[in-house]
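Undergrad: This is the structure I want to talk about, given as C-alpha cells.
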Amino acid sequence: MNRRTLLLGTGAALAAPALLGAKPAFAQQAVITGAGATFPRPLYERWAAAARTAIGIQLNYQSIGSGGGINQITARTVDFGASDAPLTTEQLTERHLLQFPTVMGSVVLSANLPGVADNALRLTPDIVVDIFLGRITRWRDPRIVEVNPGLTIPNLPVGPAYRADGSGTTWVFTTYLSRVSEEWRNGPGAGTSVRWPAGNGARGNEGVSNIIRNTPGAIGYIENAYAVVNRMTTTQLRNRAGNFVTPEPAAFNATAAAADWTVPNFAADTINLDGPTVWPITSPTYILLPTNPPADKVEASRNVMRFFDWAFREGSQIASSLEYIPLPASVHDLIRAAWARSVRTPAGAPIWS
Amino acid sequence: MSDMAIRVRSAPTLGARRTPGSLGDKLFAALCTVAGLFVLLTLGGIIVTLFLGGLPAFLHFGLDFLVSTRWDPVEGREEFGAFISVFGTVVTSILAIIFAVPVAFGIAYFLTELAPLWVRRPLGIAVELLAAVPSIIYGMWGLFVLVPFVQMHIQLRFGEALGEIPYVGFLFASNSFAGTSIFSASLVLAIMILPFIAATMRDVFEQVPAVYKESAYGLGATRWEVMTGVVIPYTRVSLVGGIMLGLGRALGETMAVTFVIGNANRMPSSIFDPSTTIASVIAMEFPESLAGSLQQSALFAIGFLLFVISFLVLATSRWLLRPRLK
C-alpha cells in the first residue's frame, strides 16, 4: 500500500514538470541567483524571504566576498553580482555591466570608557586621526577634555583597535581619515588593510568589538549594524559642517540625501559630506547587472530588476530594521531610469519599462 | 619484514611456496613506491610553488626583504619586509618552548617514574587528548579566557613591577593594554605544544634501561640525583629532539595565534606588545590580496621563509631523535 502510494506520487511528480513545460505561462516561482559582498547578505536574505511570497521571485544569494562576486558576474555564472566597492567606468564597459546601489552602511566609533554613557563622548576628526596615529595616549588629553566640557572622562591609556583582516570597513574608515588629515593620507593611507602606526588588530567586527569590551580605554571602528545589534557604546563625531553628530538613522539618512547620486555609475562619494546633520563615515553597497543578457537570460535579468524594484518600493522598512540605510526615493527613480536605458535584449529592446 | 610475513604465511601449507618475484608482489612494491614518491613530489611542488610565487617579491626587494621592518599593503606604495613577522614567529615559539618544557618535563617524569601504575594510563591519555583539541578552540579560549586573565592579573600585577627593573625593564613595559600580545600568544602556544613535548619525553624516558636507575638507587642516590645523574644524561639528545618537534609545531600555528597576538605589523619592544607572525599575516591578508599583485607575492615569499624555518627545525629534531626512537 505504502509503496504503491509512493510510486504513484513519484510518477505524478515526474509528470508534473512535463505538463508545465507544455504550458510555460503557468505561474511558477522564478529563481534568480546572485553572488558577492558579505556586508549586505543579511538584508538580501530577508528581502528574498519577503519577495518570495510577495512577487513570486526566489533569490539564491551566495556571500562569497566582493572580489568573488565581480569574478562570477564577469563569467556570467550568476544573474547578478554584488560588490561593496564601486567599479570604474572602464571596468564596467569592459565587462558590459550596469552598476547600481541598493543600500548604504555606516562605520561608527566605539569606545570603552567606564562611566561615560552611550553617545556622550564627542570626538573631532583631528582627535580620531591622532588616536589612530598613536599621538593621543591618554583619555584626559587636553584636546579631548576641551570638546567634552562637563563630561568626566577616566584617565585611561588610549588603546586603538583595528581590523587586521583585509576589509571594506577598513577601506571606508581609512578613506575617511585620509580625507580629514593630510598626515594620514601621506602616512598610513587608505586601503582594505594599511600599516597601522598604533594599536591592536583583530579579525572581523566581532574581534574588534571583543578588544573594545575587554579593555577599558580601547577605541575601535565597527560597522553600525554590528554595533547596534551587539549594543556597543558608540561616540559622537564632528562632521564637516562643524556639528557633533550622533550615529543614528536620522544622521545616516541625511548622508544618503546629501550625496550626489547623478555621478556616472552611481559611484557617489558619501564620505565626509557637507551638511548640518550628516554622519561622515558611510558607504553604499552595489549590484552589478549585465547590460547585454543573452536571449535565454532576458527573463532572469527582468526578474532581477523586478526583485530590486520591489525591494526599493517595499523593502526600506526591512532595511531600516536591520540597520542598513535605505536610499532616497529619488535615487530609486534614477536607478529605474538607468535600467530602462542600459539593459537591452539581444534585439536591442529595453528589458525594463 | 615482507620476507618474514611470507614465511609465516606459507609455513603451514608447505610445498606450493611462492617465489618473491610474483606479480602481486611487484604490483604492491610499485604502488608503495608511487605513494612514497607522491609525498616527495607534493613536498617539492609546495616548495617550488611558494618559491615561484614569492620570486617577484624576492627580486623586487632583494636581500632587503629579509631585514626590512616595513609592511605597507596600501595600493600605489606597496613595500614589504619580512623581518617583523619572522621575528614574531621565532620569538613567540621560543617563549612557548620556555614555558612548555619545564611542565612537559614534569609530566613525562611523573608519568614514567613517580606516578602509581593505575594513574599512568588515564593521565597519559589525557595528555594525548590535549593534542587532539582543534587549534581554533585554543584560539577562542585564549581570546575569551586567557587574554583577559593576562591583561588583569599578569600584565597589571607583574608587568608593572618587572617594568621597574633597570636595563631589562623595557621588556616588560605595558605600552599596550589590550591583552593581546606576544606573551598571550606564547602562553597559548605553550599549552598547544605541551602534549607533543610531553609525549616525546615520556617515550624517551621509557628507553632508559631500568637497571641503570636501579643501580643508582641501590647506591643510595635520591630521585633528584637519579634524574640529573642518570636519566637526563642518558636521554639528553633525544630530549632536545622532542623540544625541537614542539618548536616546529609552534612555528606554523596559525589560528590560535592570530586570535591572541594583536596582529600589529610593528616591531615589539616588550613582551606585552602586540606583534604578528608569518602564519597570521598570511591568514589575514591573503583573502583580500589581488592575484598577481606584489602583496600576494610577498605573502608567498614569507610563506616560503616559514617553510624553510620549519623544515630546518623539524629536520634537526628528526636527526636528534633518530638514534633513540626507531
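If you're wondering about the labels, chains in the C-alpha cells are A, B, ... by order shown, residues count from 1 in each chain, ligands from 1 in order shown.
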With a distance threshold of 6 Å and counting only C-alpha atoms, extract the residues of chain A near chain B and express them as a list in words.

TA: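 Using only C-alpha atoms, chain A residues at most 6 Å from chain B: Asp165, Gly166, Gly191, Val194, Arg195, Asn200, Gly201 and Thr215 of chain A.
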
Undergrad: Please provide as a VMD selection string all residues within 7 Å of A:Gly65, with the sequence filter that same-chain residues fewer than 2 positions apart are discarded (counting only C-alpha atoms).

TA: chain A and resid 36 to 38 63 67 to 69

Undergrad: I want to know what sits within 8 Å of stretch 43-57 of chain B, based on only C-alpha atoms, with residues of the same chain fewer than 6 positions away left out; could you give that as an MDAnalysis selection string?

TA: chainID B and resid 65 294 296:304 307

Undergrad: Just to be explicit: take each residue in the selection above, keep C-alpha atoms, and write the result as a compact mmCIF listing (two decimals), in the first residue's frame.

TA:
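The new file result-v3.txt reads:
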# COMPACT_ATOMS: atom_id res chain seq x y z
CA PHE B 65 63.14 41.76 2.13
CA LEU B 294 53.21 42.39 -5.20
CA GLN B 296 50.40 38.36 -2.81
CA SER B 297 53.94 37.67 -3.93
CA ALA B 298 55.28 38.98 -0.62
CA LEU B 299 52.84 36.69 1.21
CA PHE B 300 54.12 33.74 -0.82
CA ALA B 301 57.66 34.82 -0.02
CA ILE B 302 57.13 34.87 3.75
CA GLY B 303 55.35 31.53 3.39
CA PHE B 304 58.50 30.22 1.78
CA PHE B 307 58.67 26.65 5.23

Undergrad: Using only C-alpha atoms, find the one residue out of A:Thr262, A:Ser321, A:Ser83, A:Ser193 that sits nearest to A:Asp333.

TA: A:Thr262

Undergrad: Give me the residues near B:Ile137 as an mmCIF file with N, CA and C atoms, in the first residue's frame, where near means some atom within 12 Å (using only C-alpha atoms) and where sequence neighbours in that chain fewer than 3 positions away do not count.

TA:
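Once written, around.cif looks like this:
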data_model
loop_
_atom_site.group_PDB
_atom_site.id
_atom_site.type_symbol
_atom_site.label_atom_id
_atom_site.label_comp_id
_atom_site.auth_asym_id
_atom_site.auth_seq_id
_atom_site.Cartn_x
_atom_site.Cartn_y
_atom_site.Cartn_z
ATOM 1 N N LEU B 130 44.832 16.389 24.840
ATOM 2 C CA LEU B 130 45.126 17.818 24.692
ATOM 3 C C LEU B 130 45.595 18.111 23.271
ATOM 4 N N ALA B 131 46.322 17.154 22.704
ATOM 5 C CA ALA B 131 46.845 17.334 21.349
ATOM 6 C C ALA B 131 45.741 17.260 20.316
ATOM 7 N N ALA B 132 44.585 16.668 20.693
ATOM 8 C CA ALA B 132 43.509 16.483 19.718
ATOM 9 C C ALA B 132 42.567 17.687 19.670
ATOM 10 N N VAL B 133 42.718 18.639 20.604
ATOM 11 C CA VAL B 133 41.836 19.810 20.600
ATOM 12 C C VAL B 133 42.177 20.675 19.388
ATOM 13 N N PRO B 134 41.189 21.020 18.536
ATOM 14 C CA PRO B 134 41.487 21.831 17.350
ATOM 15 C C PRO B 134 42.027 23.210 17.744
ATOM 16 N N MET B 140 39.911 30.546 20.554
ATOM 17 C CA MET B 140 38.745 31.154 21.198
ATOM 18 C C MET B 140 38.917 31.181 22.702
ATOM 19 N N TRP B 141 39.350 30.070 23.238
ATOM 20 C CA TRP B 141 39.570 30.003 24.678
ATOM 21 C C TRP B 141 40.618 31.046 25.075
ATOM 22 N N GLY B 142 41.672 31.140 24.272
ATOM 23 C CA GLY B 142 42.718 32.115 24.555
ATOM 24 C C GLY B 142 42.169 33.520 24.564
ATOM 25 N N LEU B 143 41.333 33.833 23.561
ATOM 26 C CA LEU B 143 40.829 35.198 23.424
ATOM 27 C C LEU B 143 39.869 35.551 24.554
ATOM 28 N N PHE B 144 38.976 34.608 24.907
ATOM 29 C CA PHE B 144 37.919 34.952 25.853
ATOM 30 C C PHE B 144 38.293 34.674 27.304
ATOM 31 N N VAL B 145 39.239 33.792 27.548
ATOM 32 C CA VAL B 145 39.594 33.451 28.920
ATOM 33 C C VAL B 145 41.012 33.911 29.256
ATOM 34 N N VAL B 188 49.434 30.571 24.874
ATOM 35 C CA VAL B 188 48.526 29.660 24.164
ATOM 36 C C VAL B 188 49.335 28.600 23.417
ATOM 37 N N MET B 192 49.474 24.452 23.655
ATOM 38 C CA MET B 192 49.224 23.623 22.483
ATOM 39 C C MET B 192 50.332 22.621 22.214
ATOM 40 N N MET B 255 45.737 29.817 13.517
ATOM 41 C CA MET B 255 44.502 30.423 14.027
ATOM 42 C C MET B 255 44.610 30.834 15.488
ATOM 43 N N ALA B 256 45.121 29.943 16.324
ATOM 44 C CA ALA B 256 45.174 30.252 17.748
ATOM 45 C C ALA B 256 46.015 31.502 17.982
ATOM 46 N N VAL B 257 47.127 31.622 17.258
ATOM 47 C CA VAL B 257 47.999 32.774 17.433
ATOM 48 C C VAL B 257 47.329 34.047 16.919
ATOM 49 N N PHE B 259 44.339 34.863 16.880
ATOM 50 C CA PHE B 259 43.330 35.366 17.818
ATOM 51 C C PHE B 259 43.954 36.206 18.928
#

Undergrad: Interatomic distance between atom CA of A:Leu123 and atom CA of A:Leu237?

TA: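 So the two atoms, atom CA of A:Leu123 and atom CA of A:Leu237, lie 4.9 Å apart.
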
Undergrad: Within stretch 39-79 of chain B, find each residue whose DSSP state, derived from the backbone, is alpha helix (DSSP H), and express the selection as an MDAnalysis selection string.

TA: chainID B and resid 39:61 64:67

Undergrad: Write out as a ChimeraX atom specification each polymer residue whose atoms come within 12 Å of A:Phe244, counting only C-alpha atoms; drop sequence neighbours fewer than 4 positions from it.

TA: /A:119-125,147-148,235-240,251,275-280

Undergrad: For the selection you just gave me, I'd like the residues written to a file as a compact mmCIF listing (two decimals), in the first residue's frame, keeping C-alpha atoms.

TA:
# COMPACT_ATOMS: atom_id res chain seq x y z
CA ASN A 119 26.94 58.57 22.55
CA ALA A 120 28.06 61.01 25.25
CA LEU A 121 31.69 61.25 24.19
CA ARG A 122 32.39 63.82 21.48
CA LEU A 123 35.27 63.37 19.07
CA THR A 124 36.64 65.58 16.32
CA PRO A 125 38.30 64.29 13.14
CA VAL A 147 35.44 69.31 23.35
CA ASN A 148 33.81 67.38 26.19
CA THR A 235 30.59 58.09 20.20
CA GLN A 236 29.62 61.35 18.57
CA LEU A 237 31.76 62.71 15.77
CA ARG A 238 32.13 66.24 14.45
CA ASN A 239 31.19 66.41 10.78
CA ARG A 240 32.43 68.70 8.06
CA ALA A 251 22.12 61.25 10.53
CA GLY A 275 25.53 69.02 5.64
CA PRO A 276 24.47 70.05 9.13
CA THR A 277 23.32 66.62 10.34
CA VAL A 278 25.38 64.32 8.11
CA TRP A 279 27.25 61.31 9.60
CA PRO A 280 30.63 61.47 7.85

Undergrad: Would you pick out the contacts of A:Arg46 at 8 Å or less, using only C-alpha atoms, so that residues sharing its chain but fewer than 4 positions from it are not included, and give the list as a ChimeraX atom specification?

TA: /A:42,50,318

Undergrad: Pull C-alpha atoms from the residues just selected and write them as an mmCIF file, in the first residue's frame.

TA:
data_model
loop_
_atom_site.group_PDB
_atom_site.id
_atom_site.type_symbol
_atom_site.label_atom_id
_atom_site.label_comp_id
_atom_site.auth_asym_id
_atom_site.auth_seq_id
_atom_site.Cartn_x
_atom_site.Cartn_y
_atom_site.Cartn_z
ATOM 1 C CA PRO A 42 21.503 39.571 5.960
ATOM 2 C CA ALA A 50 9.693 38.533 1.763
ATOM 3 C CA ILE A 318 13.236 45.750 6.428
#

Undergrad: Interatomic distance between atom CA of A:Val228 and atom CA of A:Asp84?

TA: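 Atom-to-atom, atom CA of A:Val228 to atom CA of A:Asp84, that is 20.3 Å.
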
Undergrad: Interatomic distance between atom CA of B:Thr42 and atom CA of B:Leu245?

TA: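 Atom-to-atom, atom CA of B:Thr42 to atom CA of B:Leu245, that is 21.4 Å.
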
Undergrad: For A:Gly81, which residue among A:Pro290, A:Gly315, A:Gly115, A:Pro149 is the nearest when counting only C-alpha atoms?

TA: A:Pro290

Undergrad: From the list B:Gly246, B:Gly36, B:Pro209, B:Gly220, which residue is nearest B:Tyr234 when using only C-alpha atoms?

TA: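 Of all the options, B:Pro209 lies closest to B:Tyr234.
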
Undergrad: As a list in words, which residues of stretch 30-260 of chain B does DSSP assign to strand (DSSP E or B)?

TA: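 The strand (DSSP E or B) subset of stretch 30-260 of chain B is Trp71, Asp72, Glu79 and Phe80 of chain B.
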
Undergrad: Hey, can you spit out that residue selection with N, CA and C atoms as a JSON list (two decimals), in the first residue's frame?

TA:
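Dumped to selection-v2.json:
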[["chain", "number", "residue", "atom", "x", "y", "z"],
["B", 71, "TRP", "N", 55.93, 47.02, 6.32],
["B", 71, "TRP", "CA", 54.95, 46.16, 5.66],
["B", 71, "TRP", "C", 53.76, 47.06, 5.34],
["B", 72, "ASP", "N", 53.71, 47.58, 4.12],
["B", 72, "ASP", "CA", 52.70, 48.57, 3.76],
["B", 72, "ASP", "C", 51.93, 48.08, 2.54],
["B", 79, "GLU", "N", 55.17, 48.23, -0.01],
["B", 79, "GLU", "CA", 56.53, 47.98, 0.45],
["B", 79, "GLU", "C", 56.46, 46.83, 1.45],
["B", 80, "PHE", "N", 57.24, 45.82, 1.23],
["B", 80, "PHE", "CA", 57.11, 44.65, 2.08],
["B", 80, "PHE", "C", 58.46, 44.19, 2.61]]
